[in-house]
Structures are given as structure tokens and as C-alpha cells.
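One structure is given here, and the rest of the page talks about it.
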Amino acid sequence: MRILILGDIHANLPAFEFVLESEKNIDRKIILGDLINYGPWNNECAELASTLQNCTYILGNHEKYFINKNTREIKNILVKKFYQHCVKDFKYIDFLKKFKIKAKIDNYIYKHTIFNKYIFPETKVKILNNYVIGHSQIQFKKKIGNKFIINPGSIGQNRKNLNIIEYAIYDTEKKFFIMKKKFFENKFIINEMKKKKFPTECIDYYRKKIKG
């Protein structure tokens, strides 16, 4: 069985659709949380995700923001601006409520993150289990003792370059993760944000992340 692992889509519909079209030979899908917020296609991404067959949905911090509608949980001012703009017209709260805290496949636990923090390749942590996580939006495979942390990277909001899509495929027969990285020109996202009247600070944040 081949499992498509998608992290941090962040309401980037064209990038989401691009990966689904690129990977046809797939038996199961896992969305690692943060399907929504930041990008301008929140309802569209939720609608598409809800139609996927054999898909497991993991709860991310941005799903929690939308469900709880409590901005006190959001410390970053820019993140709060994105949230306040995106949540007001969102129609799929009931769908988000179906997301799971975690899932387990073979010897790996799938969660949005661990220890409620950003885990980067250089982050020092002690783990007792193998994990597949998102949240930090950087693709890596990290061995700690005899355990692993796998981060497939971000579909919709790569931390360094919005035109780079990263994800992973897990082969259950070979017990192997295939790490994928593709260039995808995000040429529609700024215009869509302008059309939907995103705050200037949000548009500028995205514009700075679009690189060649």
C-alpha cells in the first residue's frame, strides 16, 4: 500500500490540486493538519479534502483556532490577522471537528506536531516512538537513538519558498518513506488574496515568500 502524506496545505488550493493530480498510484492519504488558514482558498480546500477517499485527517493548531474561535490562543499578530480574515466566511467547521489528534500506521504515530512546539532538523528532543509530523514546514528525516521523526514538508506554505512543494509517500510493503520535492509556480495566490481583500500585511508576507 502507498500512502500519500500531506502536511500544512494552508488553504493553497492550486498546490493541493497539483499534488493530488501528480500522485495517482495511491491507496490512502493522510492530511497532517493545518489544512486551512493563511491562504485564500479555505472553503475550497476543506471541500476538496472532505471528498477524498481513504483519507485520515489530523488536527492541527489552525483547525483548533477555527473550531474554538478564540484568538487568545494566537500570540503572533500577523497570524491573528490571517485568522480573523479567513475564519469569518468559513463554512466547514463541522468537517474540522472530525479531525483526529493522532493516527498510527505500522510503527509510526502521525500527529501535527509533538511537545506542542516546532520541531526542526536541529531541534533536540527525546522520543520513545517514531513520529510523522508537520507544523515546522521543513522536510526532513531525523534519527534519534533508534527512533525517527519524519516531516514531509509543506504543500501550501513552504517556510523558505512558496514555489516549492514538499510531501512524502510511505510504502507499507517496503517500510520506506519517499520524500518528494517539486517546483510549482504559485502565480494565482497573490491575485486571489487581493480579490478577497486580505490585509496588506498578509499579502506582503506571501509576496516575500514567492521566489523564482
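In the C-alpha cells, chains take the letters A, B, ... in the order shown, each chain's residues start at 1, and ligands count up from 1 in the order shown.
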Please identify all polymer residues within 10 Å of segment 47-62 of chain A, counting only C-alpha atoms, omitting same-chain residues fewer than 3 positions from it, and present them as number ranges by chain.
A: 3-8, 10, 13, 16-17, 20, 26-38, 41-44, 65-68, 73-74, 79, 83, 91-92, 95-103, 110-113, 116, 133-135
Could you pull out the strand (DSSP E) residues of segment 35-102 of chain A from DSSP and send them as a list of chain:residue names?
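So the strand (DSSP E) residues in segment 35-102 of chain A would be A:Cys55, A:Thr56, A:Tyr57, A:Lys102.
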Convert the current residue selection to file output with C-alpha atoms, as a compact mmCIF listing (two decimals), in the first residue's frame.
# COMPACT_ATOMS: atom_id res chain seq x y z
CA CYS A 55 -8.18 9.81 3.90
CA THR A 56 -7.19 10.34 7.53
CA TYR A 57 -7.36 13.91 8.83
CA LYS A 102 -3.26 11.26 16.02
Extract, using only C-alpha atoms, all DNA, RNA and protein residues at most 9 Å from segment 194-210 of chain A, discarding same-chain residues fewer than 4 positions from it, and format them as a PyMOL selection string.
chain A and resi 38-40+78-79+81-82+85-86+157-163+185-187+189-190
So that I can check the surroundings of Ser154 of chain A, please list as a PyMOL selection string every protein, DNA and RNA residue that reaches within 7 Å of it, counting only C-alpha atoms and ignoring chain neighbours fewer than 5 positions away.
chain A and resi 7-9+137-138+165-167
When you count only C-alpha atoms, which of these residues is closest to Glu173 of chain A: A:Tyr118, A:Asp106, A:Phe90, A:Lys24?
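Going through A:Tyr118, A:Asp106, A:Phe90, A:Lys24 one by one, the smallest distance to Glu173 of chain A is for A:Asp106.
Nearest-residue note for Phe140 of chain A: choosing from A:Val87, A:Val19, A:Ile164, A:Ile178, the minimum distance belongs to A:Ile178, counting only C-alpha atoms.
Listed by chain and then by rising number, the residues of segment 70-133 of chain A that DSSP assigns to helix (DSSP H, G or I) from the backbone are A:Thr71, A:Arg72, A:Glu73, A:Ile77, A:Leu78, A:Val79, A:Lys80, A:Lys81, A:Phe82, A:Tyr83, A:Gln84, A:His85, A:Cys86, A:Val87, A:Ile93, A:Asp94, A:Phe95, A:Leu96.
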Distance atom CA of Ala15 of chain A-atom CA of Asn191 of chain A, one decimal place?
15.1 Å
Using atom CA of Lys141 of chain A and atom CA of Ile155 of chain A as the two end points, give the distance in Å to one decimal.
16.8 Å
How many Å separate atom CA of Arg2 of chain A from atom CA of Asn146 of chain A?
23.9 Å
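Using only C-alpha atoms, the nearest neighbour of Thr123 of chain A within the list A:Ile77, A:Met1, A:Ile149, A:Ala46 is A:Ile149.
Proximity ranking of A:Phe183, A:Phe148, A:Tyr108, A:Phe188 relative to Pro14 of chain A places A:Phe188 first, based on only C-alpha atoms.
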Which one of A:Arg72, A:Lys180, A:Lys104, A:Lys80 sits closest to Asn151 of chain A if you count only C-alpha atoms?
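So, comparing all the options, the nearest one is A:Lys180.
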Compile the contact shell of Lys147 of chain A as a PyMOL selection string: residues with an atom at most 9 Å away, counting only C-alpha atoms, same-chain residues fewer than 6 positions apart removed.
chain A and resi 127-131
Please produce a file of those selected residues containing C-alpha atoms, as an mmCIF file, in the first residue's frame.
data_model
loop_
_atom_site.group_PDB
_atom_site.id
_atom_site.type_symbol
_atom_site.label_atom_id
_atom_site.label_comp_id
_atom_site.auth_asym_id
_atom_site.auth_seq_id
_atom_site.Cartn_x
_atom_site.Cartn_y
_atom_site.Cartn_z
ATOM 1 C CA ILE A 127 11.335 10.438 21.848
ATOM 2 C CA LEU A 128 10.093 6.967 22.693
ATOM 3 C CA ASN A 129 8.162 6.468 19.440
ATOM 4 C CA ASN A 130 8.579 7.002 15.717
ATOM 5 C CA TYR A 131 6.678 10.075 14.526
#
